[in-house]
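Colleague: Input my_file39.tsv, format and content: TSV, C-alpha atoms.
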chain	number	residue	atom	x	y	z
H	577	MET	CA	0.00	0.00	0.00
H	578	THR	CA	1.43	3.35	-1.00
H	579	VAL	CA	0.71	6.23	1.36
H	580	SER	CA	1.01	9.73	-0.02
H	581	GLY	CA	0.23	12.82	1.98
H	582	GLY	CA	-1.53	13.20	5.29
H	583	LEU	CA	-4.93	12.01	4.14
H	584	GLY	CA	-3.36	8.82	2.80
H	585	LEU	CA	-1.69	8.27	6.16
H	586	LEU	CA	-4.99	8.54	7.99
H	587	ARG	CA	-6.77	6.24	5.53
H	588	ALA	CA	-4.01	3.65	5.78
H	589	ALA	CA	-4.08	3.77	9.58
H	590	LYS	CA	-7.84	3.35	9.63
H	591	SER	CA	-7.74	0.47	7.18
H	592	ILE	CA	-5.41	-1.55	9.42
H	593	ASN	CA	-7.13	-0.50	12.67
H	594	PHE	CA	-3.89	1.10	13.81
H	595	THR	CA	-5.19	2.73	17.00
H	596	ALA	CA	-6.58	-0.54	18.39
H	597	THR	CA	-3.40	-2.41	17.50
H	598	ALA	CA	-1.17	0.25	19.05
H	599	THR	CA	-3.30	0.35	22.20
H	600	LYS	CA	-2.99	-3.43	22.54
H	601	VAL	CA	0.79	-3.39	22.08
H	602	LEU	CA	1.25	-0.49	24.51
H	603	GLY	CA	-0.90	-2.25	27.11
H	604	ASN	CA	1.11	-5.50	27.08
H	605	SER	CA	3.16	-5.19	30.24
H	606	GLY	CA	6.12	-7.27	31.23
H	607	LYS	CA	9.80	-7.54	30.44
H	608	THR	CA	9.31	-9.84	27.46
H	609	THR	CA	7.17	-7.28	25.59
H	610	ALA	CA	9.21	-4.20	26.51
H	611	ASP	CA	10.90	-4.09	23.09
H	612	ALA	CA	7.50	-4.20	21.38
H	613	ARG	CA	6.23	-1.30	23.52
H	614	THR	CA	9.36	0.71	22.83
H	615	SER	CA	9.14	0.01	19.10
H	616	MET	CA	5.48	1.01	18.99
H	617	VAL	CA	6.20	4.32	20.69
H	618	ASN	CA	9.07	4.89	18.27
H	619	VAL	CA	6.59	4.35	15.41
H	620	LEU	CA	4.29	6.94	17.03
H	621	VAL	CA	7.18	9.41	17.27
H	622	ALA	CA	7.96	8.80	13.59
H	623	LEU	CA	4.31	9.46	12.73
H	624	LEU	CA	4.48	12.72	14.67
H	625	GLY	CA	7.31	13.58	12.30
H	626	LYS	CA	4.64	13.81	9.58
H	627	GLY	CA	3.30	16.88	11.36
H	628	THR	CA	-0.07	17.78	12.77
H	629	VAL	CA	-1.86	15.64	10.18
H	630	ALA	CA	-1.12	12.61	12.38
H	631	LEU	CA	-2.61	14.15	15.55
H	632	PRO	CA	-6.19	12.85	15.10
H	633	MET	CA	-4.82	9.32	14.91
H	634	LEU	CA	-2.28	9.71	17.72
H	635	LEU	CA	-4.13	11.73	20.37
H	636	PRO	CA	-6.26	8.75	21.49
H	637	LEU	CA	-2.97	6.95	22.19
H	638	LEU	CA	-1.70	9.60	24.60
H	639	ASN	CA	-2.92	7.87	27.77
H	640	PRO	CA	-1.58	4.43	26.86
H	641	VAL	CA	1.76	6.14	26.17
H	642	LEU	CA	1.62	8.07	29.46
H	643	VAL	CA	1.11	4.81	31.35
H	644	LEU	CA	4.57	3.83	30.09
H	645	TYR	CA	6.04	6.54	32.33
H	646	GLY	CA	5.58	3.97	35.09
H	647	ASP	CA	6.91	1.03	33.08
H	648	LYS	CA	9.36	-1.17	34.97
H	649	VAL	CA	11.67	-1.21	31.92
H	650	LYS	CA	13.58	1.95	30.97
H	651	GLY	CA	13.19	1.60	27.18
H	652	PRO	CA	9.42	2.21	27.07
H	653	GLN	CA	9.77	4.99	29.67
H	654	LYS	CA	12.30	6.89	27.58
H	655	ALA	CA	10.33	6.34	24.37
H	656	ALA	CA	7.17	7.67	26.08
H	657	GLN	CA	9.04	10.78	27.22
H	658	GLU	CA	10.31	11.35	23.68
H	659	PHE	CA	6.77	10.97	22.31
H	660	VAL	CA	5.41	13.56	24.75
H	661	SER	CA	8.27	15.95	24.00
H	662	THR	CA	7.70	15.61	20.25
H	663	LEU	CA	3.94	15.96	20.66
H	664	LEU	CA	4.30	19.15	22.69
H	665	GLY	CA	6.61	20.55	20.03
H	666	LEU	CA	3.83	20.11	17.49
H	667	CYS	CA	1.09	21.65	19.58
H	668	GLY	CA	0.01	24.92	18.10
H	669	LYS	CA	-2.70	27.13	19.48
H	670	HIS	CA	-5.49	24.78	18.38
H	671	ALA	CA	-3.76	21.50	19.19
H	672	ALA	CA	-3.45	22.51	22.84
H	673	ARG	CA	-7.25	22.45	23.16
H	674	LEU	CA	-7.36	19.06	21.43
H	675	LEU	CA	-5.07	17.58	24.09
H	676	LEU	CA	-7.34	18.49	27.00
H	677	PRO	CA	-9.91	15.68	26.59
H	678	GLU	CA	-7.05	13.16	26.59
H	679	LEU	CA	-5.42	14.81	29.61
H	680	ALA	CA	-8.74	14.62	31.46
H	681	LYS	CA	-8.57	10.82	31.44
H	682	ARG	CA	-7.10	9.58	34.72
H	683	THR	CA	-5.27	6.31	34.86
H	684	LYS	CA	-4.29	3.94	37.65
H	685	SER	CA	-0.63	4.84	37.06
H	686	TRP	CA	0.45	7.65	39.34
H	687	GLN	CA	3.38	8.34	37.00
H	688	ALA	CA	0.94	8.89	34.12
H	689	ASN	CA	-1.17	11.23	36.25
H	690	GLU	CA	1.93	13.18	37.24
H	691	ALA	CA	2.95	13.38	33.57
H	692	ARG	CA	-0.51	14.72	32.68
H	693	MET	CA	0.01	17.59	35.12
H	694	HIS	CA	3.50	18.31	33.76
H	695	ILE	CA	2.06	18.42	30.24
H	696	LEU	CA	-0.53	20.97	31.33
H	697	SER	CA	2.20	23.06	32.97
H	698	LYS	CA	4.32	22.87	29.83
H	699	LEU	CA	1.36	23.93	27.68
H	700	CYS	CA	0.83	26.92	29.98
H	701	GLU	CA	4.48	27.81	29.60
H	702	THR	CA	4.74	27.37	25.83
H	703	ARG	CA	1.18	28.18	24.69
H	704	PRO	CA	-0.18	30.63	27.28
H	705	LYS	CA	-2.64	32.33	24.93
H	706	ALA	CA	-4.03	29.01	23.73
H	707	MET	CA	-4.36	27.71	27.26
H	708	GLY	CA	-5.88	30.99	28.39
H	709	THR	CA	-8.81	30.35	26.06
H	710	CYS	CA	-9.55	26.96	27.60
H	711	LEU	CA	-9.14	27.55	31.32
H	712	ASP	CA	-12.71	26.38	31.89
H	713	ASP	CA	-11.70	22.96	30.55
H	714	ALA	CA	-8.18	22.81	32.01
H	715	ILE	CA	-8.82	23.81	35.64
H	716	PRO	CA	-11.25	20.94	36.38
H	717	ILE	CA	-8.67	18.47	35.07
H	718	VAL	CA	-6.18	19.73	37.63
H	719	THR	CA	-8.57	20.06	40.55
H	720	THR	CA	-9.53	16.39	40.30
H	721	VAL	CA	-5.87	15.47	40.82
H	722	LEU	CA	-5.13	17.84	43.71
H	723	LYS	CA	-6.23	15.21	46.22
H	724	ASP	CA	-4.20	12.35	44.80
H	725	ILE	CA	-2.55	10.23	47.48
H	726	LYS	CA	0.88	10.43	45.82
H	727	PRO	CA	2.79	13.56	46.92
H	728	LYS	CA	4.53	13.88	43.53
H	729	VAL	CA	1.18	13.93	41.73
H	730	LYS	CA	-0.25	16.49	44.17
H	731	LYS	CA	2.82	18.69	43.74
H	732	ALA	CA	2.58	18.51	39.93
H	733	ALA	CA	-1.15	19.34	40.11
H	734	ARG	CA	-0.48	22.31	42.38
H	735	GLU	CA	2.18	23.60	39.97
H	736	ALA	CA	-0.17	23.15	37.00
H	737	LEU	CA	-2.95	24.99	38.80
H	738	GLY	CA	-0.56	27.81	39.66
H	739	MET	CA	0.47	28.08	36.00
H	740	LEU	CA	-3.17	28.09	34.87
H	741	CYS	CA	-3.98	30.83	37.36
H	742	LYS	CA	-1.04	32.92	36.14
H	743	ILE	CA	-2.08	32.79	32.50
H	744	GLY	CA	-5.60	33.76	33.41
H	745	ALA	CA	-4.28	36.57	35.59
H	746	ASN	CA	-6.58	39.39	36.49
H	747	GLU	CA	-5.41	42.22	38.75
H	748	ASP	CA	-8.43	41.83	40.97
H	749	VAL	CA	-8.15	38.05	41.25
H	750	THR	CA	-4.36	37.60	41.49
H	751	PRO	CA	-4.15	38.32	45.24
H	752	LEU	CA	-6.81	35.66	45.84
H	753	VAL	CA	-5.03	32.88	43.92
H	754	PRO	CA	-3.25	31.34	46.95
H	755	THR	CA	-6.53	31.27	48.88
H	756	LEU	CA	-8.36	29.80	45.90
H	757	MET	CA	-5.71	27.11	45.46
H	758	SER	CA	-5.88	26.22	49.15
H	759	ALA	CA	-9.67	26.04	49.00
H	760	LEU	CA	-9.57	23.77	45.95
H	761	GLU	CA	-7.08	21.46	47.66
H	762	ASN	CA	-9.17	21.22	50.80
H	763	THR	CA	-12.62	20.67	49.31
Could I get this file's structure written as structure tokens?

Modeller:
Amino acid sequence: MTVSGGLGLLRAAKSINFTATATKVLGNSGKTTADARTSMVNVLVALLGKGTVALPMLLPLLNPVLVLYGDKVKGPQKAAQEFVSTLLGLCGKHAARLLLPELAKRTKSWQANEARMHILSKLCETRPKAMGTCLDDAIPIVTTVLKDIKPKVKKAAREALGMLCKIGANEDVTPLVPTLMSALENT
């Protein structure tokens, strides 16, 4: 099958049920399948190299990739970090909003939940205007994580909330941000 252009890539991926296959490979845990997980993430990184045309196919795979942050084998962990770094490099002002529904999905992996918060912080840092337009979607994602039992996750959520509050800064509200953050943590 010859794939030309972005539309061809999406058609080819759909025809082979790529997302389901990738999800299955990424979900196979254990040392014996670590190379397969690493290779799959490397394929995803290569697809990101095609540009934003691959995002509709790859965004649903974000959470399975984030779960690899807690993988017991270093190869899948490093590949997952490279995927996230490459993905964030592609995120323009509209792609940032597209990431939010995927970032709203909690997982059982505390490392994945911590990574979700770091991604939100990074988006605030690199795409403040884009994130400023979707605070109403981003803040609830963070507030649900503020009470996580893992201190690292709570810390990442607090940092993300602080970043979100900064980009939505309003002179009248800014002095109330610490109180607001404390209230959200304690509710």

Colleague: I'd like the interatomic distance between CA of Leu679 (chain H) and CA of Leu638 (chain H), to a tenth of an Å.

Modeller: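 Separation between CA of Leu679 (chain H) and CA of Leu638 (chain H): 8.1 Å.
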
Colleague: Would you mind reading off the distance between CA of Leu620 (chain H) and CA of Phe659 (chain H), one decimal, in Å?

Modeller: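 One can read the CA of Leu620 (chain H) to CA of Phe659 (chain H) distance as 7.1 Å.
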
Colleague: Pick the closest to Leu637 (chain H) from H:Leu676, H:Ala732, H:Val753, H:Leu602: which is it, counting all atoms listed in the file?

Modeller: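 That would be H:Leu602, the residue with the smallest distance to Leu637 (chain H).
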
Colleague: In Å, rounded to a single decimal, give me how far CA of Ala596 (chain H) is from CA of Lys698 (chain H).

Modeller: 28.2 Å

Colleague: At a cut-off of 10 Å, using all atoms listed in the file, what residues contact Pro677 (chain H)? Leave out same-chain residues fewer than 5 positions from it and give the result as a PyMOL selection string.

Modeller: chain H and resi 635-636+713-714+717

Colleague: Give me the residues within 12 Å of region 740-742 of chain H as a ChimeraX atom specification, counting only C-alpha atoms and dropping any in the same chain fewer than 5 places off.

Modeller: /H:693-701,703-719,733-735,747,749-757

Colleague: Which residue gives the smallest distance to Thr683 (chain H) among H:Val721, H:Leu663, H:Val619, H:Ala655, with all atoms listed in the file counted?

Modeller: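 That would be H:Val721, the residue with the smallest distance to Thr683 (chain H).
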
Colleague: Identify the residues within 9 Å of coordinate (8.7, 8.8, 23.1) (same frame as the file), considering only C-alpha atoms, and give the answer as a VMD selection string.

Modeller: chain H and resid 614 617 to 618 620 to 621 641 652 to 663

Colleague: So, counting only C-alpha atoms, which residue among H:Leu722, H:Leu674, H:Leu644, H:Ala598 is closest to Met616 (chain H)?

Modeller: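 Looking at the shortest contact to Met616 (chain H), the residue is H:Ala598.
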
Colleague: When you count only C-alpha atoms, which of these residues is closest to Pro640 (chain H): H:Ser615, H:Thr599, H:Ser758, H:Ser605?

Modeller: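 Among the listed residues, H:Thr599 lies closest to Pro640 (chain H).
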
Colleague: From the options H:Leu666, H:Leu675, H:Ile743, H:Val649, which residue's atoms come nearest to Thr608 (chain H), counting only C-alpha atoms?

Modeller: H:Val649

Colleague: Determine the nearest neighbour of Gly627 (chain H) from the options H:Val601, H:Lys730, H:Leu664, H:Gly646, counting only C-alpha atoms.

Modeller: H:Leu664
